[in-house]
file model.txt (compact mmCIF, C-alpha atoms)
# COMPACT_ATOMS: atom_id res chain seq x y z
CA MET E 632 -54.98 -56.49 -23.40
CA GLN E 633 -54.24 -54.05 -26.24
CA LYS E 634 -54.27 -50.39 -25.17
CA LYS E 635 -56.39 -48.29 -27.52
CA PRO E 636 -53.95 -45.96 -29.26
CA LEU E 637 -54.62 -42.28 -28.58
CA LYS E 638 -55.16 -39.92 -31.49
CA TYR E 639 -52.49 -37.28 -32.00
CA ASP E 640 -54.63 -34.36 -30.90
CA GLU E 641 -55.50 -36.09 -27.68
CA ILE E 642 -51.89 -36.89 -26.90
CA ILE E 643 -50.41 -33.56 -27.72
CA ASN E 644 -53.00 -31.10 -26.58
CA LYS E 645 -54.32 -32.78 -23.49
CA VAL E 646 -51.40 -34.65 -22.06
CA VAL E 647 -48.72 -31.98 -22.30
CA LYS E 648 -49.63 -28.53 -21.03
CA PRO E 649 -48.12 -25.48 -22.78
CA SER E 650 -46.29 -24.51 -19.58
CA GLU E 651 -44.40 -27.81 -19.71
CA ARG E 652 -43.15 -27.19 -23.21
CA PHE E 653 -40.77 -24.38 -22.29
CA LYS E 654 -40.25 -23.22 -18.73
CA ILE E 655 -37.55 -20.77 -17.67
CA ILE E 656 -36.29 -22.13 -14.39
CA SER E 657 -33.47 -19.62 -13.87
CA GLU E 658 -32.71 -16.21 -15.37
CA ASP E 659 -29.10 -15.88 -14.36
CA PRO E 660 -27.68 -18.20 -15.52
CA TYR E 661 -30.53 -18.54 -18.02
CA VAL E 662 -31.73 -22.12 -17.93
CA ALA E 663 -34.95 -23.49 -19.39
CA GLU E 664 -36.57 -26.90 -19.17
CA GLY E 665 -38.66 -28.07 -22.05
CA ARG E 666 -40.44 -30.86 -23.75
CA ILE E 667 -40.67 -31.32 -27.49
CA ILE E 668 -43.63 -33.53 -28.22
CA MET E 669 -44.44 -34.29 -31.82
CA PRO E 670 -46.65 -36.85 -33.56
CA TYR E 671 -44.68 -39.70 -35.05
CA ARG E 672 -45.59 -42.72 -37.11
CA TYR E 673 -43.30 -45.68 -37.45
CA PHE E 674 -43.71 -48.29 -40.17
CA ALA E 675 -41.92 -51.60 -39.69
CA GLY E 676 -42.16 -52.34 -43.42
CA THR E 677 -42.50 -55.71 -45.09
CA VAL E 678 -39.30 -57.13 -43.64
CA GLY E 679 -39.73 -55.64 -40.17
CA THR E 680 -43.29 -56.87 -39.94
CA LYS E 681 -42.29 -60.45 -40.71
CA PHE E 682 -39.33 -60.33 -38.27
CA PHE E 683 -41.44 -58.98 -35.40
CA ASN E 684 -44.39 -61.27 -36.11
CA LYS E 685 -42.11 -64.33 -35.91
CA LEU E 686 -40.73 -63.11 -32.58
CA LYS E 687 -44.22 -62.51 -31.26
CA GLU E 688 -46.03 -65.59 -32.53
CA GLU E 689 -43.34 -68.26 -32.65
CA LYS E 690 -40.41 -67.01 -30.53
CA ARG E 691 -38.18 -67.49 -33.57
CA ILE E 692 -35.47 -65.10 -34.71
CA MET E 693 -35.35 -64.72 -38.50
CA GLY E 694 -32.70 -63.41 -40.84
CA LEU E 695 -32.40 -62.83 -44.58
CA ARG E 696 -29.65 -64.40 -46.72
CA CYS E 697 -28.11 -62.75 -49.75
CA PRO E 698 -28.02 -65.12 -52.75
CA ASP E 699 -24.91 -63.43 -54.11
CA CYS E 700 -22.59 -63.03 -51.13
CA ASN E 701 -24.28 -65.42 -48.65
CA THR E 702 -24.40 -62.84 -45.86
CA VAL E 703 -27.15 -63.57 -43.37
CA TYR E 704 -28.58 -60.34 -41.94
CA VAL E 705 -30.01 -60.26 -38.44
CA PRO E 706 -31.93 -58.05 -37.96
CA PRO E 707 -33.10 -58.58 -41.52
CA ARG E 708 -33.12 -55.85 -44.15
CA PRO E 709 -34.73 -55.77 -47.62
CA THR E 710 -31.52 -55.17 -49.59
CA CYS E 711 -27.99 -56.52 -49.22
CA GLY E 712 -25.64 -53.82 -47.96
CA ARG E 713 -22.80 -55.20 -50.06
CA CYS E 714 -24.40 -56.34 -53.29
CA PHE E 715 -27.62 -54.31 -53.39
CA THR E 716 -29.47 -57.51 -54.27
CA ASN E 717 -33.07 -57.80 -53.07
CA LEU E 718 -33.22 -60.26 -50.19
CA GLU E 719 -35.96 -62.85 -50.20
CA GLU E 720 -34.54 -65.98 -48.60
CA TRP E 721 -35.65 -66.13 -44.97
CA VAL E 722 -33.58 -68.27 -42.64
CA GLU E 723 -34.01 -68.99 -38.99
CA VAL E 724 -31.04 -68.31 -36.75
CA ALA E 725 -30.35 -69.69 -33.30
CA ASN E 726 -31.57 -67.83 -30.25
CA LYS E 727 -28.05 -67.99 -28.85
CA GLY E 728 -24.88 -66.27 -29.91
CA THR E 729 -21.69 -64.44 -29.04
CA VAL E 730 -21.16 -60.97 -27.59
CA LEU E 731 -19.13 -58.90 -30.06
CA SER E 732 -19.08 -55.70 -28.05
CA TYR E 733 -20.90 -54.11 -25.11
CA THR E 734 -21.41 -50.89 -23.12
CA ALA E 735 -22.48 -50.54 -19.51
CA THR E 736 -24.57 -47.47 -18.70
CA TYR E 737 -24.51 -46.41 -15.06
CA TYR E 738 -26.48 -43.16 -15.11
CA PRO E 739 -30.28 -43.33 -15.00
CA LEU E 740 -32.51 -42.30 -17.92
CA PRO E 741 -36.30 -42.53 -17.98
CA ILE E 742 -36.18 -44.42 -21.28
CA HIS E 743 -34.12 -47.33 -19.93
CA PRO E 744 -36.14 -50.57 -20.05
CA MET E 745 -34.24 -52.03 -17.10
CA LYS E 746 -32.56 -50.75 -13.98
CA GLU E 747 -29.03 -49.38 -14.14
CA PRO E 748 -26.29 -50.44 -14.60
CA LEU E 749 -27.76 -51.30 -17.96
CA VAL E 750 -25.57 -53.36 -20.27
CA TYR E 751 -26.16 -53.08 -24.02
CA GLY E 752 -24.43 -55.50 -26.34
CA ILE E 753 -23.99 -56.38 -29.98
CA ILE E 754 -24.68 -60.07 -30.30
CA GLN E 755 -23.89 -62.25 -33.30
CA LEU E 756 -26.43 -65.05 -33.19
CA ASP E 757 -25.34 -68.48 -34.40
CA GLY E 758 -26.09 -68.58 -38.14
CA ALA E 759 -26.00 -64.81 -38.62
CA ASP E 760 -23.20 -62.72 -40.09
CA THR E 761 -24.23 -59.42 -38.52
CA GLY E 762 -24.71 -58.21 -34.96
CA LEU E 763 -28.00 -57.57 -33.20
CA THR E 764 -28.04 -54.79 -30.63
CA HIS E 765 -29.87 -55.71 -27.45
CA ILE E 766 -29.68 -55.79 -23.68
CA ILE E 767 -27.53 -58.21 -21.72
CA GLY E 768 -29.37 -59.10 -18.54
CA GLU E 769 -28.80 -61.29 -15.50
CA ALA E 770 -25.13 -60.32 -15.58
CA ASN E 771 -22.94 -57.81 -13.79
CA PRO E 772 -21.04 -55.45 -16.07
CA SER E 773 -17.84 -57.04 -14.76
CA GLU E 774 -19.01 -60.49 -15.89
CA VAL E 775 -19.72 -59.42 -19.46
CA HIS E 776 -16.87 -59.95 -21.93
CA ILE E 777 -16.27 -60.07 -25.66
CA GLY E 778 -16.81 -63.63 -26.77
CA MET E 779 -19.30 -64.38 -24.00
CA ARG E 780 -22.02 -66.83 -25.04
CA VAL E 781 -25.58 -65.63 -24.48
CA GLU E 782 -29.13 -66.79 -25.14
CA ALA E 783 -32.37 -64.94 -25.70
CA VAL E 784 -34.97 -64.72 -22.94
CA PHE E 785 -38.42 -64.07 -24.40
CA LYS E 786 -41.22 -62.18 -22.71
CA GLU E 787 -44.37 -64.08 -21.82
CA GLN E 788 -46.63 -61.40 -23.29
CA ARG E 789 -45.20 -60.38 -26.64
CA GLU E 790 -46.35 -57.41 -28.72
CA GLY E 791 -44.38 -57.58 -31.97
CA ASN E 792 -41.36 -55.42 -31.18
CA ILE E 793 -37.70 -55.94 -30.31
CA LEU E 794 -38.46 -56.07 -26.58
CA ASP E 795 -40.37 -59.30 -27.14
CA ILE E 796 -36.88 -60.51 -26.37
CA LYS E 797 -36.53 -59.28 -22.80
CA TYR E 798 -32.73 -59.55 -22.89
CA PHE E 799 -29.90 -61.98 -23.58
CA ARG E 800 -28.47 -63.80 -20.59
CA PRO E 801 -25.22 -65.71 -20.16
CA LEU E 802 -25.63 -69.24 -21.52
CA GLY E 803 -26.47 -71.82 -18.93
CA LYS E 804 -27.97 -69.43 -16.37
CA GLY E 805 -31.41 -70.09 -15.06
CA ASP E 806 -31.47 -73.78 -15.93
CA MET W 83 -45.40 -61.87 -49.14
CA SER W 84 -48.82 -60.70 -50.25
CA LEU W 85 -49.81 -57.09 -49.89
CA ASN W 86 -52.95 -58.07 -48.02
CA GLU W 87 -50.88 -58.83 -44.94
CA GLU W 88 -51.29 -56.31 -42.16
CA PHE W 89 -48.14 -54.31 -41.63
CA ILE W 90 -46.87 -53.24 -38.23
CA GLU W 91 -47.42 -49.53 -37.75
CA LEU W 92 -47.00 -47.52 -34.57
CA THR W 93 -48.50 -44.15 -33.82
CA VAL W 94 -46.61 -42.71 -30.88
CA PRO W 95 -45.64 -39.19 -29.96
CA LEU W 96 -41.96 -38.38 -29.87
CA ASP W 97 -41.49 -36.95 -26.42
CA VAL W 98 -38.09 -35.41 -25.80
CA ARG W 99 -37.47 -33.71 -22.49
CA TYR W 100 -34.55 -31.32 -22.38
CA LYS W 101 -32.77 -28.81 -20.21
CA TRP W 102 -31.10 -25.93 -21.98
CA SER W 103 -28.76 -23.18 -20.87
CA ALA W 104 -28.62 -20.10 -23.09
CA GLY W 105 -25.03 -19.10 -22.32
CA PRO W 106 -23.94 -15.55 -21.44
CA HIS W 107 -24.54 -14.02 -24.88
CA LEU W 108 -27.97 -15.42 -25.65
CA GLN W 109 -28.93 -14.77 -22.04
CA LYS W 110 -28.21 -11.08 -22.53
CA PHE W 111 -30.38 -11.09 -25.65
CA LEU W 112 -33.30 -12.97 -24.09
CA LEU W 113 -33.36 -10.90 -20.91
CA GLY W 114 -33.05 -7.82 -23.13
CA LEU W 115 -36.23 -8.83 -24.96
CA LYS W 116 -38.00 -8.82 -21.61
CA GLU W 117 -37.06 -5.13 -21.33
CA GLY W 118 -38.17 -4.44 -24.90
CA LYS W 119 -34.62 -4.20 -26.19
CA MET W 120 -32.91 -5.80 -29.21
CA ILE W 121 -29.42 -6.67 -27.98
CA GLY W 122 -26.55 -7.63 -30.26
CA ASN W 123 -22.87 -6.95 -30.64
CA LYS W 124 -20.43 -5.70 -33.27
CA CYS W 125 -16.94 -6.77 -34.35
CA PRO W 126 -14.33 -4.13 -33.47
CA LYS W 127 -12.23 -5.14 -36.49
CA CYS W 128 -14.60 -5.56 -39.44
CA GLY W 129 -17.81 -4.04 -38.12
CA HIS W 130 -19.88 -7.21 -38.67
CA ALA W 131 -22.88 -7.03 -36.35
CA LEU W 132 -25.03 -9.89 -35.03
CA ILE W 133 -28.36 -10.07 -33.26
CA PRO W 134 -28.47 -12.08 -30.99
CA PRO W 135 -24.89 -11.38 -29.88
CA VAL W 136 -22.07 -13.93 -30.13
CA PRO W 137 -18.65 -14.25 -28.47
CA VAL W 138 -16.52 -14.29 -31.64
CA CYS W 139 -16.89 -12.56 -35.03
CA ALA W 140 -18.20 -14.99 -37.63
CA LYS W 141 -16.12 -13.35 -40.35
CA CYS W 142 -12.76 -12.50 -38.85
CA HIS W 143 -12.78 -14.56 -35.66
CA VAL W 144 -11.75 -11.84 -33.25
CA GLU W 145 -13.56 -11.27 -30.00
CA MET W 146 -16.75 -9.26 -30.52
CA GLY W 147 -17.25 -5.87 -28.90
CA ASP W 148 -19.56 -5.03 -26.01
CA PHE W 149 -23.28 -5.66 -26.01
CA MET W 150 -25.27 -2.88 -27.67
CA GLU W 151 -28.89 -2.02 -28.40
CA PHE W 152 -30.21 -2.07 -31.94
CA SER W 153 -33.24 -0.51 -33.61
CA HIS W 154 -36.56 -2.34 -33.62
CA ARG W 155 -36.94 -1.46 -37.30
CA GLY W 156 -35.48 -2.94 -40.42
CA THR W 157 -35.83 -3.93 -44.05
CA VAL W 158 -36.82 -7.37 -45.30
CA ILE W 159 -33.91 -8.85 -47.24
CA SER W 160 -35.19 -12.40 -47.54
CA TYR W 161 -38.13 -14.54 -46.43
CA SER W 162 -39.56 -18.05 -46.53
CA LEU W 163 -43.25 -18.69 -46.97
CA VAL W 164 -44.37 -21.74 -45.01
CA VAL W 165 -47.37 -23.53 -46.52
CA ASP W 166 -47.24 -26.93 -44.84
CA PRO W 167 -49.19 -26.83 -41.57
CA ILE W 168 -46.55 -28.34 -39.33
CA PHE W 169 -47.19 -29.16 -35.70
CA ASP W 170 -45.91 -26.40 -33.49
CA SER W 171 -44.02 -28.14 -30.68
CA GLY W 172 -44.67 -25.08 -28.55
CA THR W 173 -48.46 -25.27 -28.66
CA GLY W 174 -49.25 -28.78 -29.85
CA ASP W 175 -51.50 -27.44 -32.59
CA ARG W 176 -50.80 -27.17 -36.27
CA ARG W 177 -49.54 -23.72 -37.24
CA PRO W 178 -52.03 -21.70 -39.28
CA THR W 179 -50.64 -21.32 -42.78
CA PRO W 180 -49.38 -19.67 -44.83
CA TYR W 181 -46.99 -17.69 -42.69
CA ALA W 182 -43.63 -16.12 -43.44
CA ILE W 183 -40.31 -16.01 -41.60
CA ALA W 184 -38.16 -13.10 -42.68
CA SER W 185 -34.57 -12.05 -42.35
CA ILE W 186 -34.35 -8.29 -41.89
CA ASN W 187 -31.44 -5.90 -42.06
CA VAL W 188 -31.82 -3.92 -38.88
CA ASP W 189 -31.60 -0.11 -39.12
CA GLY W 190 -28.42 1.49 -37.87
CA GLY W 191 -25.93 1.27 -40.69
CA THR W 192 -24.59 -2.19 -39.97
CA ASP W 193 -25.10 -5.56 -41.65
CA ALA W 194 -26.94 -6.85 -38.58
CA THR W 195 -29.76 -9.27 -39.52
CA PHE W 196 -32.58 -10.59 -37.41
CA PHE W 197 -35.05 -13.43 -38.03
CA HIS W 198 -38.67 -13.51 -36.99
CA LYS W 199 -42.21 -14.13 -38.20
CA LEU W 200 -43.96 -11.51 -40.34
CA GLU W 201 -47.39 -10.28 -39.33
CA GLU W 202 -48.40 -10.26 -42.99
CA THR W 203 -49.62 -13.67 -44.22
CA ASP W 204 -50.76 -12.77 -47.73
CA PRO W 205 -47.91 -13.74 -50.07
CA GLU W 206 -48.99 -11.04 -52.54
CA LYS W 207 -48.34 -8.37 -49.95
CA ILE W 208 -44.85 -9.50 -48.87
CA LYS W 209 -42.01 -7.81 -50.72
CA ILE W 210 -38.24 -7.84 -50.43
CA GLY W 211 -37.26 -4.37 -49.29
CA MET W 212 -40.41 -3.74 -47.31
CA ARG W 213 -40.00 -1.90 -44.03
CA VAL W 214 -40.97 -3.64 -40.78
CA GLU W 215 -40.90 -3.09 -37.07
CA ALA W 216 -40.68 -5.65 -34.24
CA VAL W 217 -43.89 -5.67 -32.22
CA PHE W 218 -43.33 -6.68 -28.61
CA LYS W 219 -45.81 -8.21 -26.18
CA LEU W 220 -47.09 -6.02 -23.37
CA LYS W 221 -44.40 -5.54 -20.75
CA GLU W 222 -46.17 -7.64 -18.13
CA GLU W 223 -46.56 -10.53 -20.57
CA ARG W 224 -42.90 -10.78 -21.53
CA GLU W 225 -40.94 -13.70 -20.12
CA GLY W 226 -37.47 -13.47 -21.66
CA ARG W 227 -37.98 -15.63 -24.75
CA ILE W 228 -38.14 -15.09 -28.49
CA GLU W 229 -41.93 -15.04 -28.37
CA ASP W 230 -41.71 -11.76 -26.44
CA ILE W 231 -41.63 -10.36 -29.96
CA LEU W 232 -44.99 -11.21 -31.50
CA PHE W 233 -43.99 -10.57 -35.11
CA LEU W 234 -42.56 -8.05 -37.56
CA ARG W 235 -45.22 -5.55 -38.63
CA LYS W 236 -45.17 -3.71 -41.93
CA ILE W 237 -44.59 0.04 -41.54
CA GLU W 238 -44.57 2.91 -44.03
CA ALA W 239 -41.17 3.61 -45.57
call {"tool": "encode", "arguments": {"input": "model.txt", "output": "structure tokens"}}
result
Amino acid sequence: MQKKPLKYDEIINKVVKPSERFKIISEDPYVAEGRIIMPYRYFAGTVGTKFFNKLKEEKRIMGLRCPDCNTVYVPPRPTCGRCFTNLEEWVEVANKGTVLSYTATYYPLPIHPMKEPLVYGIIQLDGADTGLTHIIGEANPSEVHIGMRVEAVFKEQREGNILDIKYFRPLGKGD
Amino acid sequence: MSLNEEFIELTVPLDVRYKWSAGPHLQKFLLGLKEGKMIGNKCPKCGHALIPPVPVCAKCHVEMGDFMEFSHRGTVISYSLVVDPIFDSGTGDRRPTPYAIASINVDGGTDATFFHKLEETDPEKIKIGMRVEAVFKLKEEREGRIEDILFLRKIEA
């Protein structure tokens, strides 16, 4: 069920008409609506590829441990932020953890993956020393609190990106 | 990790929708372009002139004087030659290269500068100090945007 990726020319020239790129909607006050659409290529890299492939294929969340300071990074990164040592030791971390911080967004934006109010959180998974930013779902903003225990809910159809985890929900819900 | 492993790569367009208000000064400039005018303003204290106009003098921070019209002609004081065919977010196509963006000192005895594209694309023929004139679109084609000026055309001294 993979969508065939469009080539740049097709996306940019055919999907977005020139009139959509900059349209003056009022002269006084002068207001214009526009759309900046540019080709973009994202590379997950060696570390990103392994992290996303594990999410997709095995529903496992992986981190990297620094041999010098023992910090376990989730999401993983190729170099230790403290020691600058190259990280090579992959460790699995739990799919549950603790909310370190969160923000509830009430206004709507087309890019939001879920309906508002959308709660984002930084979650320290058990076994990790860093926080993972993700969505906290199945919870009212008023329920969410620092220290709340959450667990990952995986998507059925995973593609190899961070939204293979649909969101984190309060521990114990849905059982 | 062997290098034969397939790496995750995404080809997606960045698509940023925006809504922009010009503000009273830029509005005056943009609507002025529609009428074929180059609008700017001048500092009453130090004489520093800016096109497009601004509310406060960049040099001495006092409130700028009233809007005024400037000449369409000027002298090239600096330019950049663009050789990399970047995608033009306005058209979706790559810009034909090379092309030059110049800063010109507008005629009229002030330090007013203006930026736009040069008509001339041959680097050998672009010189600091060369005289240019803003070429506007036909009146009925102007909309009140910077593209109402097509480019800066070389003129005889």
call {"tool": "interface_residues", "arguments": {"input": "model.txt", "of": "chain W", "to": "chain E", "cutoff": "12 Å", "atoms": "only C-alpha atoms", "output": "NGL selection string"}}
result
:W and (83-114 or 116 or 168-176 or 224-229)
call {"tool": "closest_residue", "arguments": {"input": "model.txt", "among": "W:Ser160, W:Thr203, W:Asn123, W:Ser153", "to": "W:Gly191", "atoms": "all atoms listed in the file"}}
result
W:Ser153
call {"tool": "residues_around", "arguments": {"input": "model.txt", "residues": "E:Asn771", "least_positions_apart": "5", "cutoff": "12 Å", "atoms": "only C-alpha atoms", "output": "MDAnalysis selection string"}}
result
chainID E and resid 734:737 746:751 776 800:801
call {"tool": "atom_distance", "arguments": {"input": "model.txt", "atom1": "atom CA of E:Arg691", "atom2": "atom CA of E:Leu802"}}
result
17.5 Å
call {"tool": "residues_around", "arguments": {"input": "model.txt", "residues": "W:Leu163", "least_positions_apart": "4", "cutoff": "10 Å", "atoms": "only C-alpha atoms", "output": "count of residues only"}}
result
12
call {"tool": "atom_distance", "arguments": {"input": "model.txt", "atom1": "atom CA of E:Asn726", "atom2": "atom CA of E:Met745"}}
result
20.7 Å
call {"tool": "residues_around", "arguments": {"input": "model.txt", "residues": "W:Arg235", "least_positions_apart": "2", "cutoff": "9 Å", "atoms": "all atoms listed in the file", "output": "VMD selection string"}}
result
chain W and resid 200 to 202 213 to 217 233 237
call {"tool": "residues_near_point", "arguments": {"input": "model.txt", "point": "(-21.8, -65.8, -21.1)", "cutoff": "9 Å", "atoms": "only C-alpha atoms", "output": "list in words"}}
result
Thr729, Val730, Ala770, Glu774, Val775, His776, Gly778, Met779, Arg780, Val781, Glu782, Arg800, Pro801, Leu802, Gly803 and Lys804 of chain E
